[in-house]
file protein_24.txt (compact mmCIF, C-alpha atoms and all ligand atoms)
# COMPACT_ATOMS: atom_id res chain seq x y z
CA SER A 1 13.02 -38.95 11.28
CA ALA A 2 10.35 -41.38 10.10
CA MET A 3 8.44 -38.52 8.48
CA LEU A 4 11.44 -37.37 6.52
CA ALA A 5 12.15 -40.94 5.50
CA ALA A 6 8.57 -41.35 4.24
CA GLY A 7 8.84 -38.05 2.37
CA ALA A 8 12.10 -39.16 0.81
CA ALA A 9 10.54 -42.47 -0.23
CA HIS A 10 7.75 -40.64 -2.06
CA ALA A 11 10.21 -38.22 -3.60
CA GLU A 12 11.88 -41.21 -5.25
CA PHE A 13 8.72 -42.47 -6.88
CA PRO A 14 8.83 -44.23 -9.29
CA GLU A 15 11.56 -46.72 -8.46
CA ARG A 16 10.31 -49.43 -10.81
CA PRO A 17 8.13 -49.75 -13.95
CA ILE A 18 4.55 -48.52 -13.74
CA ASN A 19 1.65 -50.68 -14.87
CA MET A 20 -0.90 -48.84 -17.01
CA VAL A 21 -4.10 -50.87 -17.27
CA VAL A 22 -6.18 -50.53 -20.43
CA PRO A 23 -9.54 -52.24 -19.79
CA PHE A 24 -9.88 -53.32 -23.44
CA ALA A 25 -8.09 -55.56 -25.93
CA ALA A 26 -4.67 -54.69 -27.38
CA GLY A 27 -4.48 -52.88 -30.71
CA GLY A 28 -7.75 -50.97 -30.22
CA PRO A 29 -8.56 -47.28 -29.65
CA THR A 30 -7.82 -47.04 -25.91
CA ASP A 31 -4.69 -49.12 -26.34
CA ASN A 32 -3.49 -46.81 -29.14
CA VAL A 33 -3.82 -43.78 -26.85
CA ALA A 34 -2.28 -45.63 -23.89
CA ARG A 35 0.79 -46.87 -25.75
CA SER A 36 1.60 -43.43 -27.16
CA LEU A 37 1.06 -41.87 -23.74
CA ALA A 38 3.10 -44.54 -21.94
CA GLU A 39 6.01 -43.77 -24.24
CA ALA A 40 5.62 -40.00 -23.70
CA MET A 41 5.38 -40.35 -19.89
CA ARG A 42 8.45 -42.59 -19.70
CA HIS A 43 10.70 -39.58 -20.25
CA SER A 44 9.39 -37.49 -17.37
CA LEU A 45 9.04 -40.49 -15.02
CA GLY A 46 12.44 -41.97 -15.76
CA GLN A 47 10.76 -45.38 -15.68
CA THR A 48 9.08 -47.62 -18.20
CA VAL A 49 5.29 -47.57 -18.33
CA VAL A 50 4.03 -51.05 -19.19
CA VAL A 51 0.59 -51.30 -20.77
CA GLU A 52 -1.55 -54.19 -19.53
CA ASN A 53 -4.68 -55.06 -21.52
CA LYS A 54 -7.44 -56.36 -19.31
CA GLY A 55 -10.58 -56.44 -21.44
CA GLY A 56 -14.11 -57.60 -20.71
CA ALA A 57 -17.53 -56.43 -19.52
CA GLY A 58 -17.32 -53.04 -21.24
CA GLY A 59 -14.11 -52.11 -19.42
CA THR A 60 -15.41 -52.77 -15.91
CA ILE A 61 -13.11 -55.76 -15.28
CA GLY A 62 -9.87 -53.83 -15.89
CA THR A 63 -11.21 -50.75 -14.12
CA THR A 64 -12.10 -52.84 -11.07
CA GLN A 65 -8.66 -54.44 -11.09
CA VAL A 66 -7.05 -51.00 -10.65
CA ALA A 67 -9.60 -49.98 -8.01
CA ARG A 68 -8.48 -53.02 -5.98
CA SER A 69 -4.73 -52.57 -6.58
CA GLN A 70 -2.22 -51.21 -4.05
CA PRO A 71 -2.57 -47.41 -3.86
CA ASP A 72 1.13 -46.85 -4.46
CA GLY A 73 1.16 -45.22 -7.90
CA TYR A 74 2.38 -48.34 -9.70
CA SER A 75 -1.12 -49.23 -10.93
CA VAL A 76 -2.61 -46.64 -13.22
CA LEU A 77 -5.89 -46.79 -15.13
CA LEU A 78 -6.35 -45.34 -18.60
CA MET A 79 -10.09 -45.43 -19.27
CA HIS A 80 -12.63 -43.35 -21.14
CA ALA A 81 -16.23 -42.11 -20.84
CA GLY A 82 -17.28 -45.68 -20.06
CA PHE A 83 -15.91 -45.06 -16.57
CA SER A 84 -18.99 -42.95 -15.87
CA THR A 85 -21.60 -45.15 -17.56
CA ALA A 86 -21.03 -48.46 -15.77
CA PRO A 87 -22.75 -47.34 -12.53
CA SER A 88 -26.07 -47.00 -14.34
CA LEU A 89 -25.58 -50.08 -16.54
CA TYR A 90 -24.38 -52.65 -14.01
CA LYS A 91 -25.95 -53.54 -10.66
CA ASN A 92 -22.42 -54.18 -9.41
CA PRO A 93 -19.79 -52.64 -11.66
CA GLY A 94 -17.06 -53.49 -9.10
CA TYR A 95 -16.04 -49.89 -8.46
CA ASP A 96 -17.55 -46.58 -7.40
CA PRO A 97 -16.74 -43.76 -9.85
CA TYR A 98 -16.74 -41.25 -6.98
CA LYS A 99 -15.02 -43.25 -4.24
CA SER A 100 -12.66 -45.87 -5.68
CA PHE A 101 -10.07 -43.64 -7.35
CA GLU A 102 -7.89 -40.57 -7.17
CA PRO A 103 -8.23 -38.67 -10.45
CA ILE A 104 -4.99 -37.72 -12.24
CA GLY A 105 -6.42 -35.82 -15.19
CA LEU A 106 -8.16 -35.77 -18.54
CA VAL A 107 -6.14 -37.02 -21.51
CA VAL A 108 -7.78 -36.81 -24.94
CA ASP A 109 -11.18 -36.43 -26.54
CA VAL A 110 -11.97 -38.71 -29.48
CA PRO A 111 -14.80 -38.50 -32.02
CA MET A 112 -16.49 -41.66 -33.25
CA THR A 113 -17.32 -42.97 -36.69
CA ILE A 114 -20.18 -45.15 -37.89
CA ILE A 115 -18.69 -47.79 -40.15
CA ALA A 116 -19.68 -51.01 -41.91
CA ARG A 117 -18.04 -54.00 -43.57
CA SER A 118 -16.82 -52.97 -47.03
CA ASP A 119 -19.47 -54.96 -48.91
CA PHE A 120 -22.43 -53.90 -46.77
CA PRO A 121 -25.05 -52.59 -49.27
CA PRO A 122 -25.94 -49.09 -47.92
CA ASN A 123 -23.65 -46.33 -49.22
CA ASN A 124 -24.63 -43.49 -46.91
CA ILE A 125 -26.43 -42.93 -43.64
CA GLN A 126 -29.85 -42.40 -45.32
CA GLU A 127 -29.51 -45.67 -47.20
CA LEU A 128 -28.44 -47.28 -43.92
CA ALA A 129 -31.60 -45.98 -42.22
CA ASP A 130 -33.77 -47.50 -44.98
CA TYR A 131 -31.79 -50.72 -45.07
CA VAL A 132 -32.03 -51.46 -41.35
CA LYS A 133 -35.80 -50.89 -41.41
CA LYS A 134 -36.17 -53.46 -44.18
CA ASN A 135 -33.70 -55.96 -42.70
CA LYS A 136 -34.16 -55.42 -38.99
CA ASP A 137 -33.59 -58.93 -37.73
CA LYS A 138 -30.54 -59.50 -39.90
CA VAL A 139 -28.31 -56.50 -39.22
CA SER A 140 -25.58 -57.00 -36.63
CA LEU A 141 -23.79 -54.30 -34.64
CA ALA A 142 -20.49 -55.05 -32.90
CA ASN A 143 -19.46 -53.41 -29.64
CA ALA A 144 -16.92 -53.75 -26.85
CA GLY A 145 -19.47 -54.78 -24.23
CA ILE A 146 -22.10 -52.99 -22.18
CA GLY A 147 -20.86 -49.52 -21.20
CA ALA A 148 -18.07 -49.36 -23.79
CA ALA A 149 -17.86 -46.32 -26.06
CA SER A 150 -19.03 -48.42 -28.99
CA HIS A 151 -22.04 -49.53 -26.93
CA LEU A 152 -22.90 -45.94 -25.98
CA CYS A 153 -22.69 -44.80 -29.58
CA GLY A 154 -24.51 -47.94 -30.72
CA THR A 155 -27.33 -47.23 -28.27
CA MET A 156 -27.65 -43.71 -29.66
CA LEU A 157 -27.59 -45.06 -33.22
CA VAL A 158 -30.32 -47.61 -32.49
CA GLU A 159 -32.39 -44.78 -30.94
CA ALA A 160 -31.78 -42.55 -33.95
CA LEU A 161 -32.63 -45.26 -36.49
CA GLY A 162 -35.61 -46.43 -34.47
CA VAL A 163 -34.74 -50.09 -35.07
CA GLN A 164 -33.26 -52.72 -32.78
CA LEU A 165 -30.08 -54.35 -34.07
CA LEU A 166 -28.49 -57.64 -33.14
CA THR A 167 -25.56 -56.58 -30.94
CA ILE A 168 -22.42 -58.67 -30.61
CA PRO A 169 -20.04 -57.92 -27.71
CA TYR A 170 -16.23 -58.23 -27.86
CA LYS A 171 -13.44 -57.54 -25.36
CA GLY A 172 -12.56 -54.38 -27.24
CA THR A 173 -13.12 -52.90 -30.66
CA ALA A 174 -9.81 -54.33 -31.96
CA PRO A 175 -11.36 -57.83 -32.20
CA ALA A 176 -14.66 -56.24 -33.33
CA MET A 177 -12.78 -54.52 -36.15
CA ASN A 178 -11.17 -57.84 -37.10
CA ASP A 179 -14.60 -59.38 -37.54
CA LEU A 180 -15.79 -56.34 -39.49
CA LEU A 181 -12.78 -56.68 -41.83
CA GLY A 182 -13.58 -60.41 -42.05
CA LYS A 183 -17.19 -59.51 -42.92
CA GLN A 184 -18.57 -61.51 -40.00
CA VAL A 185 -20.41 -58.51 -38.60
CA ASP A 186 -22.15 -55.59 -40.35
CA LEU A 187 -21.80 -52.41 -38.33
CA LEU A 188 -19.58 -50.78 -35.72
CA CYS A 189 -19.54 -47.37 -34.11
CA ASP A 190 -15.94 -46.85 -33.07
CA GLN A 191 -13.44 -44.14 -32.20
CA THR A 192 -11.26 -42.52 -34.87
CA THR A 193 -8.23 -43.74 -32.89
CA ASN A 194 -9.11 -47.20 -34.25
CA THR A 195 -10.92 -46.46 -37.52
CA THR A 196 -8.96 -43.70 -39.32
CA GLN A 197 -6.51 -46.02 -41.04
CA GLN A 198 -9.17 -48.55 -42.09
CA ILE A 199 -11.40 -45.78 -43.47
CA ASP A 200 -8.49 -44.16 -45.36
CA SER A 201 -7.48 -47.44 -46.96
CA GLY A 202 -11.07 -48.26 -47.92
CA LYS A 203 -11.13 -51.49 -45.93
CA VAL A 204 -14.36 -50.44 -44.26
CA LYS A 205 -17.31 -48.33 -45.38
CA ALA A 206 -17.74 -45.12 -43.38
CA TYR A 207 -21.06 -43.28 -43.04
CA ALA A 208 -20.60 -40.44 -40.59
CA VAL A 209 -18.71 -38.93 -37.67
CA THR A 210 -20.40 -38.31 -34.33
CA SER A 211 -18.90 -34.88 -33.59
CA LEU A 212 -20.88 -31.73 -34.44
CA GLN A 213 -18.01 -30.52 -36.65
CA ARG A 214 -16.35 -32.62 -39.33
CA VAL A 215 -13.09 -34.26 -38.30
CA PRO A 216 -10.06 -32.60 -40.02
CA THR A 217 -8.37 -35.97 -40.68
CA LEU A 218 -11.57 -37.37 -42.26
CA PRO A 219 -12.83 -34.27 -44.10
CA LYS A 220 -15.12 -36.09 -46.55
CA LEU A 221 -17.12 -37.81 -43.83
CA PRO A 222 -20.36 -35.94 -42.96
CA THR A 223 -21.44 -35.49 -39.37
CA MET A 224 -24.54 -37.29 -38.09
CA ASP A 225 -25.92 -33.85 -37.27
CA GLU A 226 -25.67 -32.63 -40.87
CA SER A 227 -27.01 -35.95 -42.17
CA GLY A 228 -30.45 -35.45 -40.73
CA PHE A 229 -29.82 -36.67 -37.19
CA LYS A 230 -29.87 -33.25 -35.57
CA GLY A 231 -28.05 -33.06 -32.27
CA PHE A 232 -26.49 -36.53 -32.57
CA GLU A 233 -23.21 -36.01 -30.77
CA VAL A 234 -20.87 -38.23 -28.84
CA GLY A 235 -17.21 -37.69 -28.07
CA ILE A 236 -15.13 -40.05 -25.97
CA TRP A 237 -13.08 -38.30 -23.31
CA HIS A 238 -10.28 -40.29 -21.69
CA GLY A 239 -8.88 -39.95 -18.20
CA MET A 240 -6.20 -41.35 -15.94
CA TRP A 241 -6.80 -42.58 -12.41
CA VAL A 242 -4.98 -44.33 -9.54
CA PRO A 243 -6.56 -46.23 -6.63
CA LYS A 244 -8.08 -44.24 -3.77
CA GLY A 245 -5.54 -43.60 -1.03
CA THR A 246 -2.53 -43.10 -3.29
CA PRO A 247 -0.26 -40.64 -1.43
CA LYS A 248 -0.48 -37.01 -2.55
CA PRO A 249 3.20 -36.69 -3.56
CA VAL A 250 2.79 -39.73 -5.83
CA VAL A 251 -0.41 -38.29 -7.34
CA ASP A 252 1.37 -34.96 -7.89
CA LYS A 253 4.24 -36.69 -9.64
CA LEU A 254 1.84 -38.54 -11.96
CA VAL A 255 -0.08 -35.32 -12.71
CA LYS A 256 3.19 -33.59 -13.69
CA SER A 257 4.19 -36.57 -15.77
CA LEU A 258 0.80 -36.71 -17.52
CA GLN A 259 1.10 -33.00 -18.34
CA ALA A 260 4.62 -33.51 -19.69
CA GLY A 261 3.39 -36.51 -21.71
CA LEU A 262 0.55 -34.53 -23.29
CA ALA A 263 3.02 -31.76 -24.21
CA ASP A 264 5.31 -34.23 -25.99
CA PRO A 265 5.35 -33.29 -29.73
CA LYS A 266 5.41 -36.94 -30.80
CA PHE A 267 2.33 -37.72 -28.71
CA GLN A 268 0.56 -34.64 -30.08
CA GLU A 269 1.39 -35.56 -33.68
CA ARG A 270 0.16 -39.13 -33.23
CA MET A 271 -3.12 -38.01 -31.64
CA LYS A 272 -3.67 -35.49 -34.44
CA GLN A 273 -3.18 -38.24 -37.06
CA LEU A 274 -5.81 -40.33 -35.28
CA GLY A 275 -8.35 -37.49 -35.01
CA ALA A 276 -8.00 -37.07 -31.23
CA THR A 277 -7.89 -33.74 -29.38
CA VAL A 278 -5.31 -33.51 -26.60
CA LEU A 279 -6.92 -32.05 -23.44
CA THR A 280 -3.85 -30.17 -22.21
CA ALA A 281 -5.72 -27.60 -20.11
CA ASP A 282 -7.72 -30.29 -18.30
CA ALA A 283 -4.88 -32.65 -17.46
CA ASN A 284 -5.42 -32.20 -13.72
CA PRO A 285 -7.40 -33.92 -10.93
CA GLN A 286 -9.95 -31.08 -10.53
CA ALA A 287 -10.99 -31.18 -14.20
CA LEU A 288 -11.34 -34.97 -14.25
CA ASP A 289 -13.26 -34.96 -10.97
CA ALA A 290 -15.66 -32.35 -12.38
CA LYS A 291 -16.04 -34.34 -15.61
CA VAL A 292 -17.02 -37.53 -13.78
CA LYS A 293 -19.53 -35.66 -11.58
CA GLN A 294 -21.14 -34.16 -14.67
CA GLN A 295 -21.05 -37.36 -16.77
CA VAL A 296 -22.41 -40.00 -14.36
CA PRO A 297 -25.88 -38.39 -14.06
CA GLN A 298 -25.95 -37.38 -17.72
CA TRP A 299 -25.49 -40.95 -18.98
CA ALA A 300 -27.88 -42.31 -16.34
CA GLU A 301 -30.51 -39.99 -17.80
CA LEU A 302 -29.82 -41.09 -21.38
CA PHE A 303 -30.07 -44.79 -20.52
CA LYS A 304 -33.27 -44.20 -18.61
CA LYS A 305 -34.79 -42.47 -21.64
CA ALA A 306 -33.55 -45.21 -23.97
CA GLY A 307 -35.00 -47.86 -21.64
CA VAL A 308 -31.64 -49.61 -21.23
CA GLU A 309 -31.79 -52.00 -18.29
CA GLN A 310 -29.13 -52.73 -15.66
CA GLN A 311 -27.15 -55.93 -16.05
C1 LIG A 401 -11.31 -50.23 -26.99
O1 LIG A 401 -10.19 -49.81 -26.72
O2 LIG A 401 -11.49 -51.40 -27.38
C2 LIG A 401 -12.47 -49.29 -26.97
O3 LIG A 401 -12.24 -48.12 -26.32
C3 LIG A 401 -13.72 -50.00 -26.83
C4 LIG A 401 -14.93 -49.17 -26.68
O4 LIG A 401 -15.09 -48.57 -25.63
O5 LIG A 401 -15.77 -49.14 -27.59
call {"tool": "encode", "arguments": {"input": "protein_24.txt", "output": "structure tokens", "more": "lines below"}}
Ligand code: MLT
result
Amino acid sequence: SAMLAAGAAHAEFPERPINMVVPFAAGGPTDNVARSLAEAMRHSLGQTVVVENKGGAGGTIGTTQVARSQPDGYSVLLMHAGFSTAPSLYKNPGYDPYKSFEPIGLVVDVPMTIIARSDFPPNNIQELADYVKKNKDKVSLANAGIGAASHLCGTMLVEALGVQLLTIPYKGTAPAMNDLLGKQVDLLCDQTTNTTQQIDSGKVKAYAVTSLQRVPTLPKLPTMDESGFKGFEVGIWHGMWVPKGTPKPVVDKLVKSLQAGLADPKFQERMKQLGATVLTADANPQALDAKVKQQVPQWAELFKKAGVEQQ
């Protein structure tokens, strides 16, 4: 029957490579997570997962592309907390966080680091606080566009320091990092999935981590909280979504594959090296749905308090 045929068609998913959209530049933090995950999911899917980098506008361009793609399971979005901030930062972000997608599950949680070009004068966060007050119009802060993780953390940093900085947007923190290494920009608040190696090799100056506990892979780096910025905390959760209307059997298959991917020892080892926590227990649609419902109003509140205006 037609129904059996349709069921059989879904049972065969995926029949061709899957496109995983990363809404930021290649070689950056989200891309690092996505490429490891794509490799881990390939085994359980029996198909290649191709990562497509579609950066711009804090991740909203790539996110919108997936929202408008065929709901057939072949277009998958790997995005982070920025998914839930765009609605309060953009008049028209291009997607609705509640209505445009089917959630697959949570993926990883990543702490952030506050870093500077290697020859930037301040040597710790207190010196940084003094320095920016004395040089307010000269200090530049890179980010990956309005709503990106680096923008969220940067907004919190500006609040904490009580000084406006000159912000410079990029299509991801990979190109922002390049300019930091090239000493064209002063400061960046970026995820450990992009900064660990550069901090370890001394190519950038690191001031603090944004988690309440120190990060095991960066044990010498103090937390913002212990450095006098009580309660300063931001962690970047990542999730996976497909367009609204994707058939349930296809969603189920992707959920199983995500769970298998997160359980992959190679994926786990890589995430550990980069300071990320794998969210195994929350790799399901219910947990991601709950996360988005909790996060959208929470960020809206923070931006309102910080006086951040809609674009
Ligand atoms: C990226 O992959 O470039 C980042 O996740 C950017 C950001 O959100 O700061």
call {"tool": "closest_residue", "arguments": {"input": "protein_24.txt", "among": "A:Ala160, A:Val296, A:Ala142, A:Met112", "to": "Val185 in chain A", "atoms": "all atoms listed in the file"}}
result
A:Ala142
call {"tool": "residues_around", "arguments": {"input": "protein_24.txt", "residues": "range 210-218 of chain A", "least_positions_apart": "3", "cutoff": "7 Å", "atoms": "all atoms listed in the file", "output": "list in words"}}
result
Pro111, Met112, Thr113, Leu221, Pro222, Thr223, Met224, Asp225, Phe232, Glu233, Val234, Gly235, Gln273 and Gly275 of chain A
call {"tool": "residues_near_point", "arguments": {"input": "protein_24.txt", "point": "(0.8, -51.2, -2.5)", "cutoff": "12 Å", "atoms": "all atoms listed in the file", "output": "PDB file with C-alpha atoms, in the frame of the given file"}}
result
ATOM      1  CA  VAL A  66      -7.050 -51.000 -10.650  1.00  0.00           C
ATOM      2  CA  ALA A  67      -9.600 -49.980  -8.010  1.00  0.00           C
ATOM      3  CA  ARG A  68      -8.480 -53.020  -5.980  1.00  0.00           C
ATOM      4  CA  SER A  69      -4.730 -52.570  -6.580  1.00  0.00           C
ATOM      5  CA  GLN A  70      -2.220 -51.210  -4.050  1.00  0.00           C
ATOM      6  CA  PRO A  71      -2.570 -47.410  -3.860  1.00  0.00           C
ATOM      7  CA  ASP A  72       1.130 -46.850  -4.460  1.00  0.00           C
ATOM      8  CA  GLY A  73       1.160 -45.220  -7.900  1.00  0.00           C
ATOM      9  CA  TYR A  74       2.380 -48.340  -9.700  1.00  0.00           C
ATOM     10  CA  SER A  75      -1.120 -49.230 -10.930  1.00  0.00           C
ATOM     11  CA  VAL A 242      -4.980 -44.330  -9.540  1.00  0.00           C
ATOM     12  CA  PRO A 243      -6.560 -46.230  -6.630  1.00  0.00           C
ATOM     13  CA  LYS A 244      -8.080 -44.240  -3.770  1.00  0.00           C
ATOM     14  CA  GLY A 245      -5.540 -43.600  -1.030  1.00  0.00           C
ATOM     15  CA  THR A 246      -2.530 -43.100  -3.290  1.00  0.00           C
ATOM     16  CA  PRO A 247      -0.260 -40.640  -1.430  1.00  0.00           C
TER      17      PRO A 247
END
call {"tool": "residues_near_point", "arguments": {"input": "protein_24.txt", "point": "(-2.1, -41.7, -30.6)", "cutoff": "12 Å", "atoms": "all atoms listed in the file", "output": "number ranges by chain"}}
result
A: 27-40, 107-110, 191-194, 196, 261-262, 264-278
call {"tool": "closest_atom_pairs", "arguments": {"input": "protein_24.txt", "of": "chain A", "to": "ligand LIG 401 (chain A)", "cutoff": "9 Å", "atoms": "only C-alpha atoms and all ligand atoms", "output": "tab-separated table"}}
result
residue	atom	partner	partner_atom	distance
A:Val22	CA	A:LIG401	O1	7.5
A:Pro23	CA	A:LIG401	O1	7.4
A:Phe24	CA	A:LIG401	O2	4.7
A:Ala25	CA	A:LIG401	O2	5.6
A:Ala26	CA	A:LIG401	O1	7.4
A:Gly27	CA	A:LIG401	O1	7.6
A:Gly28	CA	A:LIG401	O1	4.4
A:Pro29	CA	A:LIG401	O1	4.2
A:Thr30	CA	A:LIG401	O1	3.7
A:Asp31	CA	A:LIG401	O1	5.6
A:Asn32	CA	A:LIG401	O1	7.7
A:Val33	CA	A:LIG401	O1	8.8
A:Gly55	CA	A:LIG401	O2	7.8
A:Gly58	CA	A:LIG401	O4	6.7
A:Gly59	CA	A:LIG401	O4	7.2
A:Met79	CA	A:LIG401	O3	7.8
A:His80	CA	A:LIG401	O3	7.1
A:Ala81	CA	A:LIG401	O4	8.1
A:Gly82	CA	A:LIG401	O4	6.6
A:Asn143	CA	A:LIG401	O5	6.0
A:Ala144	CA	A:LIG401	O5	4.8
A:Gly145	CA	A:LIG401	O5	7.5
A:Ile146	CA	A:LIG401	O4	9.0
A:Gly147	CA	A:LIG401	O4	7.3
A:Ala148	CA	A:LIG401	O4	3.6
A:Ala149	CA	A:LIG401	O4	3.6
A:Ser150	CA	A:LIG401	O5	3.6
A:His151	CA	A:LIG401	O5	6.3
A:Leu152	CA	A:LIG401	O5	8.0
A:Cys153	CA	A:LIG401	O5	8.4
A:Tyr170	CA	A:LIG401	O2	8.3
A:Lys171	CA	A:LIG401	O2	6.8
A:Gly172	CA	A:LIG401	O2	3.2
A:Thr173	CA	A:LIG401	O2	4.0
A:Ala174	CA	A:LIG401	O2	5.7
A:Pro175	CA	A:LIG401	O2	8.0
A:Ala176	CA	A:LIG401	O2	8.3
A:Cys189	CA	A:LIG401	O5	7.7
A:Asp190	CA	A:LIG401	O5	5.9
A:Gln191	CA	A:LIG401	O5	7.2
A:Thr193	CA	A:LIG401	O3	8.9
A:Asn194	CA	A:LIG401	O1	8.0
A:Ile236	CA	A:LIG401	O4	8.5
call {"tool": "write_last_selection", "arguments": {"input": "protein_24.txt", "atoms": "C-alpha atoms", "output": "JSON list (two decimals), in the coordinates of the input"}}
result
[["chain", "number", "residue", "atom", "x", "y", "z"],
["A", 22, "VAL", "CA", -6.18, -50.53, -20.43],
["A", 23, "PRO", "CA", -9.54, -52.24, -19.79],
["A", 24, "PHE", "CA", -9.88, -53.32, -23.44],
["A", 25, "ALA", "CA", -8.09, -55.56, -25.93],
["A", 26, "ALA", "CA", -4.67, -54.69, -27.38],
["A", 27, "GLY", "CA", -4.48, -52.88, -30.71],
["A", 28, "GLY", "CA", -7.75, -50.97, -30.22],
["A", 29, "PRO", "CA", -8.56, -47.28, -29.65],
["A", 30, "THR", "CA", -7.82, -47.04, -25.91],
["A", 31, "ASP", "CA", -4.69, -49.12, -26.34],
["A", 32, "ASN", "CA", -3.49, -46.81, -29.14],
["A", 33, "VAL", "CA", -3.82, -43.78, -26.85],
["A", 55, "GLY", "CA", -10.58, -56.44, -21.44],
["A", 58, "GLY", "CA", -17.32, -53.04, -21.24],
["A", 59, "GLY", "CA", -14.11, -52.11, -19.42],
["A", 79, "MET", "CA", -10.09, -45.43, -19.27],
["A", 80, "HIS", "CA", -12.63, -43.35, -21.14],
["A", 81, "ALA", "CA", -16.23, -42.11, -20.84],
["A", 82, "GLY", "CA", -17.28, -45.68, -20.06],
["A", 143, "ASN", "CA", -19.46, -53.41, -29.64],
["A", 144, "ALA", "CA", -16.92, -53.75, -26.85],
["A", 145, "GLY", "CA", -19.47, -54.78, -24.23],
["A", 146, "ILE", "CA", -22.10, -52.99, -22.18],
["A", 147, "GLY", "CA", -20.86, -49.52, -21.20],
["A", 148, "ALA", "CA", -18.07, -49.36, -23.79],
["A", 149, "ALA", "CA", -17.86, -46.32, -26.06],
["A", 150, "SER", "CA", -19.03, -48.42, -28.99],
["A", 151, "HIS", "CA", -22.04, -49.53, -26.93],
["A", 152, "LEU", "CA", -22.90, -45.94, -25.98],
["A", 153, "CYS", "CA", -22.69, -44.80, -29.58],
["A", 170, "TYR", "CA", -16.23, -58.23, -27.86],
["A", 171, "LYS", "CA", -13.44, -57.54, -25.36],
["A", 172, "GLY", "CA", -12.56, -54.38, -27.24],
["A", 173, "THR", "CA", -13.12, -52.90, -30.66],
["A", 174, "ALA", "CA", -9.81, -54.33, -31.96],
["A", 175, "PRO", "CA", -11.36, -57.83, -32.20],
["A", 176, "ALA", "CA", -14.66, -56.24, -33.33],
["A", 189, "CYS", "CA", -19.54, -47.37, -34.11],
["A", 190, "ASP", "CA", -15.94, -46.85, -33.07],
["A", 191, "GLN", "CA", -13.44, -44.14, -32.20],
["A", 193, "THR", "CA", -8.23, -43.74, -32.89],
["A", 194, "ASN", "CA", -9.11, -47.20, -34.25],
["A", 236, "ILE", "CA", -15.13, -40.05, -25.97]]
